[in-house]
>>> print(open('target_23.pdb').read())   # PDB, C-alpha atoms
MODEL        1
ATOM      1  CA  MET A   1       0.000   0.000   0.000  1.00  0.00           C
ATOM      2  CA  ALA A   2       1.488   3.368  -1.057  1.00  0.00           C
ATOM      3  CA  THR A   3       1.963   5.918   1.705  1.00  0.00           C
ATOM      4  CA  ASN A   4       1.043   9.523   1.141  1.00  0.00           C
ATOM      5  CA  ILE A   5       4.229  11.344   2.099  1.00  0.00           C
ATOM      6  CA  ASP A   6       4.171  15.091   2.590  1.00  0.00           C
ATOM      7  CA  PHE A   7       7.584  16.139   1.301  1.00  0.00           C
ATOM      8  CA  LYS A   8       7.342  19.776   2.237  1.00  0.00           C
ATOM      9  CA  ASN A   9       6.979  19.110   5.979  1.00  0.00           C
ATOM     10  CA  ILE A  10       9.851  16.609   5.976  1.00  0.00           C
ATOM     11  CA  TRP A  11      12.051  19.001   4.028  1.00  0.00           C
ATOM     12  CA  LYS A  12      11.361  21.779   6.525  1.00  0.00           C
ATOM     13  CA  GLN A  13      13.017  19.578   9.148  1.00  0.00           C
ATOM     14  CA  GLN A  14      16.052  18.894   6.918  1.00  0.00           C
ATOM     15  CA  THR A  15      17.510  22.347   6.384  1.00  0.00           C
ATOM     16  CA  SER A  16      20.468  21.142   4.285  1.00  0.00           C
ATOM     17  CA  ASN A  17      18.140  19.699   1.614  1.00  0.00           C
ATOM     18  CA  LYS A  18      15.453  22.376   1.804  1.00  0.00           C
ATOM     19  CA  PRO A  19      16.753  24.527  -1.104  1.00  0.00           C
ATOM     20  CA  ASN A  20      16.722  21.457  -3.407  1.00  0.00           C
ATOM     21  CA  MET A  21      13.068  20.775  -2.647  1.00  0.00           C
ATOM     22  CA  GLU A  22      12.163  24.425  -3.119  1.00  0.00           C
ATOM     23  CA  GLU A  23      14.028  24.382  -6.440  1.00  0.00           C
ATOM     24  CA  LEU A  24      12.124  21.247  -7.499  1.00  0.00           C
ATOM     25  CA  LEU A  25       8.782  22.784  -6.561  1.00  0.00           C
ATOM     26  CA  GLY A  26       9.810  25.901  -8.483  1.00  0.00           C
ATOM     27  CA  LYS A  27      10.523  23.766 -11.568  1.00  0.00           C
ATOM     28  CA  LEU A  28       7.175  22.038 -11.152  1.00  0.00           C
ATOM     29  CA  LYS A  29       5.395  25.398 -10.918  1.00  0.00           C
ATOM     30  CA  LYS A  30       7.240  26.634 -14.031  1.00  0.00           C
ATOM     31  CA  PHE A  31       6.366  23.410 -15.902  1.00  0.00           C
ATOM     32  CA  ARG A  32       2.684  23.840 -14.956  1.00  0.00           C
ATOM     33  CA  SER A  33       2.618  27.519 -15.999  1.00  0.00           C
ATOM     34  CA  GLN A  34       4.338  26.838 -19.330  1.00  0.00           C
ATOM     35  CA  ASN A  35       1.905  24.052 -20.191  1.00  0.00           C
ATOM     36  CA  LEU A  36      -1.175  26.080 -19.224  1.00  0.00           C
ATOM     37  CA  ARG A  37       0.126  29.011 -21.281  1.00  0.00           C
ATOM     38  CA  ARG A  38       0.856  26.714 -24.268  1.00  0.00           C
ATOM     39  CA  LEU A  39      -2.651  25.258 -23.986  1.00  0.00           C
ATOM     40  CA  ILE A  40      -4.242  28.719 -24.016  1.00  0.00           C
ATOM     41  CA  PHE A  41      -2.142  29.931 -26.986  1.00  0.00           C
ATOM     42  CA  THR A  42      -2.876  26.716 -28.918  1.00  0.00           C
ATOM     43  CA  ASN A  43      -6.604  27.246 -28.378  1.00  0.00           C
ATOM     44  CA  ILE A  44      -6.414  30.868 -29.507  1.00  0.00           C
ATOM     45  CA  GLY A  45      -4.275  29.976 -32.544  1.00  0.00           C
ATOM     46  CA  LEU A  46      -6.357  27.057 -33.796  1.00  0.00           C
ATOM     47  CA  ILE A  47      -9.732  28.715 -33.148  1.00  0.00           C
ATOM     48  CA  THR A  48      -8.561  31.876 -34.964  1.00  0.00           C
ATOM     49  CA  THR A  49      -7.238  29.765 -37.868  1.00  0.00           C
ATOM     50  CA  SER A  50     -10.535  27.831 -38.096  1.00  0.00           C
ATOM     51  CA  LEU A  51     -12.547  31.074 -38.152  1.00  0.00           C
ATOM     52  CA  PHE A  52     -10.240  32.497 -40.841  1.00  0.00           C
ATOM     53  CA  ILE A  53     -10.686  29.347 -42.972  1.00  0.00           C
ATOM     54  CA  LEU A  54     -14.478  29.597 -42.589  1.00  0.00           C
ATOM     55  CA  PHE A  55     -14.268  33.271 -43.623  1.00  0.00           C
ATOM     56  CA  ILE A  56     -12.298  32.301 -46.757  1.00  0.00           C
ATOM     57  CA  TRP A  57     -14.924  29.662 -47.568  1.00  0.00           C
ATOM     58  CA  TYR A  58     -17.721  32.241 -47.185  1.00  0.00           C
ATOM     59  CA  TRP A  59     -15.906  35.031 -49.047  1.00  0.00           C
ATOM     60  CA  TYR A  60     -14.505  33.086 -52.018  1.00  0.00           C
ATOM     61  CA  GLN A  61     -17.333  30.524 -52.399  1.00  0.00           C
ATOM     62  CA  PRO A  62     -15.329  27.550 -53.757  1.00  0.00           C
ATOM     63  CA  GLU A  63     -17.084  25.682 -56.558  1.00  0.00           C
ATOM     64  CA  MET A  64     -15.652  22.156 -56.324  1.00  0.00           C
ATOM     65  CA  ILE A  65     -16.741  19.611 -53.735  1.00  0.00           C
ATOM     66  CA  THR A  66     -13.084  18.648 -53.144  1.00  0.00           C
ATOM     67  CA  THR A  67     -12.355  22.166 -51.864  1.00  0.00           C
ATOM     68  CA  LYS A  68     -15.291  22.045 -49.442  1.00  0.00           C
ATOM     69  CA  ILE A  69     -14.315  18.568 -48.200  1.00  0.00           C
ATOM     70  CA  GLY A  70     -10.740  19.832 -47.751  1.00  0.00           C
ATOM     71  CA  ILE A  71     -11.915  22.789 -45.641  1.00  0.00           C
ATOM     72  CA  VAL A  72     -14.118  20.529 -43.505  1.00  0.00           C
ATOM     73  CA  LEU A  73     -11.227  18.070 -42.957  1.00  0.00           C
ATOM     74  CA  VAL A  74      -8.816  20.834 -41.911  1.00  0.00           C
ATOM     75  CA  ILE A  75     -11.295  22.366 -39.450  1.00  0.00           C
ATOM     76  CA  LEU A  76     -12.301  18.936 -38.134  1.00  0.00           C
ATOM     77  CA  ALA A  77      -8.620  18.097 -37.556  1.00  0.00           C
ATOM     78  CA  MET A  78      -8.251  21.248 -35.449  1.00  0.00           C
ATOM     79  CA  VAL A  79     -11.467  20.581 -33.496  1.00  0.00           C
ATOM     80  CA  ILE A  80     -10.437  16.971 -32.683  1.00  0.00           C
ATOM     81  CA  PHE A  81      -6.946  18.121 -31.657  1.00  0.00           C
ATOM     82  CA  LEU A  82      -8.330  20.857 -29.369  1.00  0.00           C
ATOM     83  CA  PHE A  83     -10.929  18.536 -27.849  1.00  0.00           C
ATOM     84  CA  ALA A  84      -8.232  16.021 -26.857  1.00  0.00           C
ATOM     85  CA  TYR A  85      -5.683  18.681 -25.840  1.00  0.00           C
ATOM     86  CA  ASN A  86      -8.127  20.582 -23.617  1.00  0.00           C
ATOM     87  CA  LYS A  87      -8.665  17.449 -21.520  1.00  0.00           C
ATOM     88  CA  MET A  88      -5.175  18.133 -20.138  1.00  0.00           C
ATOM     89  CA  PHE A  89      -6.247  21.517 -18.745  1.00  0.00           C
ATOM     90  CA  MET A  90      -7.661  20.136 -15.476  1.00  0.00           C
ATOM     91  CA  VAL A  91      -4.610  17.914 -14.972  1.00  0.00           C
ATOM     92  CA  PHE A  92      -2.254  20.905 -15.201  1.00  0.00           C
ATOM     93  CA  TYR A  93      -4.617  23.132 -13.242  1.00  0.00           C
ATOM     94  CA  LYS A  94      -4.807  20.698 -10.311  1.00  0.00           C
ATOM     95  CA  ILE A  95      -1.024  20.652  -9.853  1.00  0.00           C
ATOM     96  CA  ASP A  96      -0.470  23.197  -7.083  1.00  0.00           C
ATOM     97  CA  GLN A  97       1.696  23.943  -4.074  1.00  0.00           C
ATOM     98  CA  THR A  98      -0.634  22.215  -1.574  1.00  0.00           C
ATOM     99  CA  GLN A  99      -0.209  18.655  -2.835  1.00  0.00           C
ATOM    100  CA  SER A 100       1.788  15.932  -1.125  1.00  0.00           C
ATOM    101  CA  ASN A 101       4.674  14.320  -2.987  1.00  0.00           C
ATOM    102  CA  ASN A 102       2.643  11.246  -3.874  1.00  0.00           C
ATOM    103  CA  GLU A 103      -0.035  13.492  -5.396  1.00  0.00           C
ATOM    104  CA  TYR A 104       2.637  15.372  -7.382  1.00  0.00           C
ATOM    105  CA  LEU A 105       3.933  12.071  -8.744  1.00  0.00           C
ATOM    106  CA  GLN A 106       0.453  10.803  -9.616  1.00  0.00           C
ATOM    107  CA  SER A 107      -0.329  14.081 -11.415  1.00  0.00           C
ATOM    108  CA  LEU A 108       2.925  13.855 -13.381  1.00  0.00           C
ATOM    109  CA  TYR A 109       2.211  10.216 -14.331  1.00  0.00           C
ATOM    110  CA  ILE A 110      -1.231  11.283 -15.612  1.00  0.00           C
ATOM    111  CA  VAL A 111       0.367  14.138 -17.592  1.00  0.00           C
ATOM    112  CA  LYS A 112       2.900  11.701 -19.085  1.00  0.00           C
ATOM    113  CA  SER A 113       0.173   9.235 -20.102  1.00  0.00           C
ATOM    114  CA  LYS A 114      -2.037  11.930 -21.662  1.00  0.00           C
ATOM    115  CA  GLN A 115       0.962  13.594 -23.311  1.00  0.00           C
ATOM    116  CA  LYS A 116       1.975  10.288 -24.926  1.00  0.00           C
ATOM    117  CA  PHE A 117      -1.569   9.851 -26.273  1.00  0.00           C
ATOM    118  CA  MET A 118      -1.490  13.411 -27.666  1.00  0.00           C
ATOM    119  CA  GLN A 119       1.976  12.980 -29.222  1.00  0.00           C
ATOM    120  CA  THR A 120       1.111   9.719 -30.954  1.00  0.00           C
ATOM    121  CA  THR A 121      -2.563   8.993 -31.674  1.00  0.00           C
ATOM    122  CA  ILE A 122      -3.975  12.544 -31.755  1.00  0.00           C
ATOM    123  CA  LEU A 123      -1.023  14.227 -33.489  1.00  0.00           C
ATOM    124  CA  ASN A 124      -0.881  11.467 -36.144  1.00  0.00           C
ATOM    125  CA  LEU A 125      -4.618  11.831 -36.786  1.00  0.00           C
ATOM    126  CA  TYR A 126      -4.247  15.632 -36.872  1.00  0.00           C
ATOM    127  CA  PHE A 127      -1.441  15.558 -39.449  1.00  0.00           C
ATOM    128  CA  ILE A 128      -3.168  12.964 -41.671  1.00  0.00           C
ATOM    129  CA  MET A 129      -6.441  14.923 -41.722  1.00  0.00           C
ATOM    130  CA  LEU A 130      -4.608  18.224 -42.210  1.00  0.00           C
ATOM    131  CA  PHE A 131      -2.554  16.754 -45.077  1.00  0.00           C
ATOM    132  CA  LEU A 132      -5.605  15.308 -46.850  1.00  0.00           C
ATOM    133  CA  GLY A 133      -7.589  18.502 -46.259  1.00  0.00           C
ATOM    134  CA  ILE A 134      -4.868  20.708 -47.737  1.00  0.00           C
ATOM    135  CA  VAL A 135      -4.391  18.394 -50.758  1.00  0.00           C
ATOM    136  CA  LEU A 136      -8.141  18.447 -51.500  1.00  0.00           C
ATOM    137  CA  TYR A 137      -8.433  22.191 -50.845  1.00  0.00           C
ATOM    138  CA  MET A 138      -5.571  23.026 -53.210  1.00  0.00           C
ATOM    139  CA  TYR A 139      -6.884  20.944 -56.109  1.00  0.00           C
ATOM    140  CA  GLU A 140      -9.448  23.512 -57.295  1.00  0.00           C
ATOM    141  CA  TYR A 141      -6.849  26.292 -57.424  1.00  0.00           C
ATOM    142  CA  THR A 142      -3.907  24.279 -58.752  1.00  0.00           C
ATOM    143  CA  SER A 143      -6.122  22.873 -61.552  1.00  0.00           C
ATOM    144  CA  ARG A 144      -6.347  26.440 -62.910  1.00  0.00           C
ATOM    145  CA  MET A 145      -2.545  26.802 -62.968  1.00  0.00           C
ATOM    146  CA  THR A 146      -0.113  25.494 -65.515  1.00  0.00           C
ATOM    147  CA  PHE A 147       0.994  21.900 -64.848  1.00  0.00           C
ATOM    148  CA  SER A 148       4.474  22.928 -63.666  1.00  0.00           C
ATOM    149  CA  SER A 149       3.080  25.658 -61.364  1.00  0.00           C
ATOM    150  CA  GLY A 150       0.608  23.188 -59.849  1.00  0.00           C
ATOM    151  CA  ILE A 151       3.373  20.645 -59.232  1.00  0.00           C
ATOM    152  CA  LEU A 152       5.532  23.379 -57.664  1.00  0.00           C
ATOM    153  CA  ALA A 153       2.665  24.496 -55.374  1.00  0.00           C
ATOM    154  CA  TYR A 154       2.117  20.914 -54.178  1.00  0.00           C
ATOM    155  CA  ALA A 155       5.876  20.305 -53.807  1.00  0.00           C
ATOM    156  CA  ILE A 156       6.307  23.399 -51.578  1.00  0.00           C
ATOM    157  CA  THR A 157       3.268  22.384 -49.489  1.00  0.00           C
ATOM    158  CA  PHE A 158       4.505  18.777 -49.098  1.00  0.00           C
ATOM    159  CA  ALA A 159       7.994  20.018 -48.185  1.00  0.00           C
ATOM    160  CA  TRP A 160       6.547  22.259 -45.453  1.00  0.00           C
ATOM    161  CA  ILE A 161       4.383  19.440 -44.056  1.00  0.00           C
ATOM    162  CA  ALA A 162       7.341  17.016 -44.166  1.00  0.00           C
ATOM    163  CA  PHE A 163       9.565  19.566 -42.356  1.00  0.00           C
ATOM    164  CA  ASN A 164       6.938  19.884 -39.606  1.00  0.00           C
ATOM    165  CA  TRP A 165       6.368  16.111 -39.382  1.00  0.00           C
ATOM    166  CA  PHE A 166       9.963  14.869 -39.523  1.00  0.00           C
ATOM    167  CA  TYR A 167      11.857  17.733 -37.864  1.00  0.00           C
ATOM    168  CA  LEU A 168       9.744  20.113 -35.753  1.00  0.00           C
ATOM    169  CA  ARG A 169       7.324  17.508 -34.305  1.00  0.00           C
ATOM    170  CA  PRO A 170      10.004  15.075 -32.989  1.00  0.00           C
ATOM    171  CA  LYS A 171      12.050  17.976 -31.625  1.00  0.00           C
ATOM    172  CA  ALA A 172       9.050  19.388 -29.708  1.00  0.00           C
ATOM    173  CA  ILE A 173       8.099  15.914 -28.405  1.00  0.00           C
ATOM    174  CA  LYS A 174      11.663  15.243 -27.212  1.00  0.00           C
ATOM    175  CA  LYS A 175      11.787  18.601 -25.424  1.00  0.00           C
ATOM    176  CA  GLN A 176       8.411  18.052 -23.696  1.00  0.00           C
ATOM    177  CA  GLN A 177       9.298  14.504 -22.644  1.00  0.00           C
ATOM    178  CA  GLY A 178      12.696  15.605 -21.359  1.00  0.00           C
ATOM    179  CA  LYS A 179      11.221  18.221 -19.017  1.00  0.00           C
ATOM    180  CA  LEU A 180       8.547  15.855 -17.739  1.00  0.00           C
ATOM    181  CA  ASP A 181      10.922  12.901 -17.265  1.00  0.00           C
ATOM    182  CA  GLU A 182      13.342  15.113 -15.335  1.00  0.00           C
ATOM    183  CA  LEU A 183      10.592  16.142 -12.890  1.00  0.00           C
ATOM    184  CA  ILE A 184       9.307  12.583 -12.479  1.00  0.00           C
ATOM    185  CA  ASN A 185      12.822  11.202 -11.896  1.00  0.00           C
ATOM    186  CA  LYS A 186      13.580  13.812  -9.217  1.00  0.00           C
ATOM    187  CA  PHE A 187      10.310  13.201  -7.351  1.00  0.00           C
ATOM    188  CA  GLU A 188      10.864   9.418  -7.559  1.00  0.00           C
ATOM    189  CA  GLU A 189      14.422   9.823  -6.273  1.00  0.00           C
ATOM    190  CA  ILE A 190      13.207  11.856  -3.279  1.00  0.00           C
ATOM    191  CA  ASN A 191      10.433   9.344  -2.643  1.00  0.00           C
ATOM    192  CA  ASN A 192      12.947   6.474  -2.608  1.00  0.00           C
ATOM    193  CA  GLN A 193      15.304   8.358  -0.271  1.00  0.00           C
ATOM    194  CA  LEU A 194      12.478   8.960   2.185  1.00  0.00           C
ATOM    195  CA  LYS A 195      11.416   5.319   2.110  1.00  0.00           C
ATOM    196  CA  GLU A 196      14.986   4.200   2.830  1.00  0.00           C
ATOM    197  CA  SER A 197      15.466   6.618   5.736  1.00  0.00           C
TER     198      SER A 197
ENDMDL
END
>>> encode(input="target_23.pdb", output="structure tokens")
Amino acid sequence: MATNIDFKNIWKQQTSNKPNMEELLGKLKKFRSQNLRRLIFTNIGLITTSLFILFIWYWYQPEMITTKIGIVLVILAMVIFLFAYNKMFMVFYKIDQTQSNNEYLQSLYIVKSKQKFMQTTILNLYFIMLFLGIVLYMYEYTSRMTFSSGILAYAITFAWIAFNWFYLRPKAIKKQQGKLDELINKFEEINNQLKES
């Protein structure tokens, strides 16, 4: 049976280790703030983008069904991504300075599990739907171009998507996992030290 250890009270009694615990709690607070801020900016960015896409649809009135399907796929990709991502809000929000160490660890394990789901299943679905949506959306406009211009337009688009998928996405995932793993490892290390003492 796991014991619910209150690290802060124990650390108050061990003055030599107190700054390390305060530093760890500071890192946890910073991690929480960064993730809440990222969540808010992602919501603002994707909602604004979706509204802009809907405005373009209304203003330019595309004629082909492929264009309309493309727009719907792109917006749907953003809605699904936001729906899954916003489920993490309460997890981050609940991490505060009043929790015991065991509660900190449990919260971080939940974040890690949800983050893995976001970085694999949801992000893969998002990119596939976004890719298909953009390909379908572009068809109406590239069909009016010369063949070489159409190929160039698609090539530039595919290159940008590939750059995001193969370079930016793994880099962001590695950075997020690194910060989270560092926090989890430090809390686990402290937990083990307290159990041994």
>>> resolve_selection(input="target_23.pdb", expression="the PyMOL selection byres ((chain A and resi 119) around 10)", output="tab-separated table (two decimals) with C-alpha atoms, in the coordinates of the input")
chain	number	residue	atom	x	y	z
A	114	LYS	CA	-2.04	11.93	-21.66
A	115	GLN	CA	0.96	13.59	-23.31
A	116	LYS	CA	1.98	10.29	-24.93
A	117	PHE	CA	-1.57	9.85	-26.27
A	118	MET	CA	-1.49	13.41	-27.67
A	120	THR	CA	1.11	9.72	-30.95
A	121	THR	CA	-2.56	8.99	-31.67
A	122	ILE	CA	-3.98	12.54	-31.76
A	123	LEU	CA	-1.02	14.23	-33.49
A	124	ASN	CA	-0.88	11.47	-36.14
A	169	ARG	CA	7.32	17.51	-34.30
A	170	PRO	CA	10.00	15.08	-32.99
A	172	ALA	CA	9.05	19.39	-29.71
A	173	ILE	CA	8.10	15.91	-28.40
A	176	GLN	CA	8.41	18.05	-23.70
A	177	GLN	CA	9.30	14.50	-22.64
>>> closest_residue(input="target_23.pdb", among="A:Ile151, A:Ile95, A:Leu73, A:Val111", to="Phe127 (chain A)", atoms="only C-alpha atoms")
A:Leu73
>>> resolve_selection(input="target_23.pdb", expression="the PyMOL selection byres ((chain A and resi 93) around 12)", output="ChimeraX atom specification")
/A:29,31-37,39,86-92,94-97,107-108,111
>>> closest_atom_pairs(input="target_23.pdb", of="region 45-107 of chain A", to="region 134-138 of chain A", cutoff="6 Å", atoms="all atoms listed in the file", output="CSV")
residue,atom,partner,partner_atom,distance
A:Thr66,CA,A:Leu136,CA,5.2
A:Thr67,CA,A:Tyr137,CA,4.1
A:Gly70,CA,A:Tyr137,CA,4.5
>>> atom_distance(input="target_23.pdb", atom1="CA of Tyr85 (chain A)", atom2="CA of Glu22 (chain A)")
29.5 Å
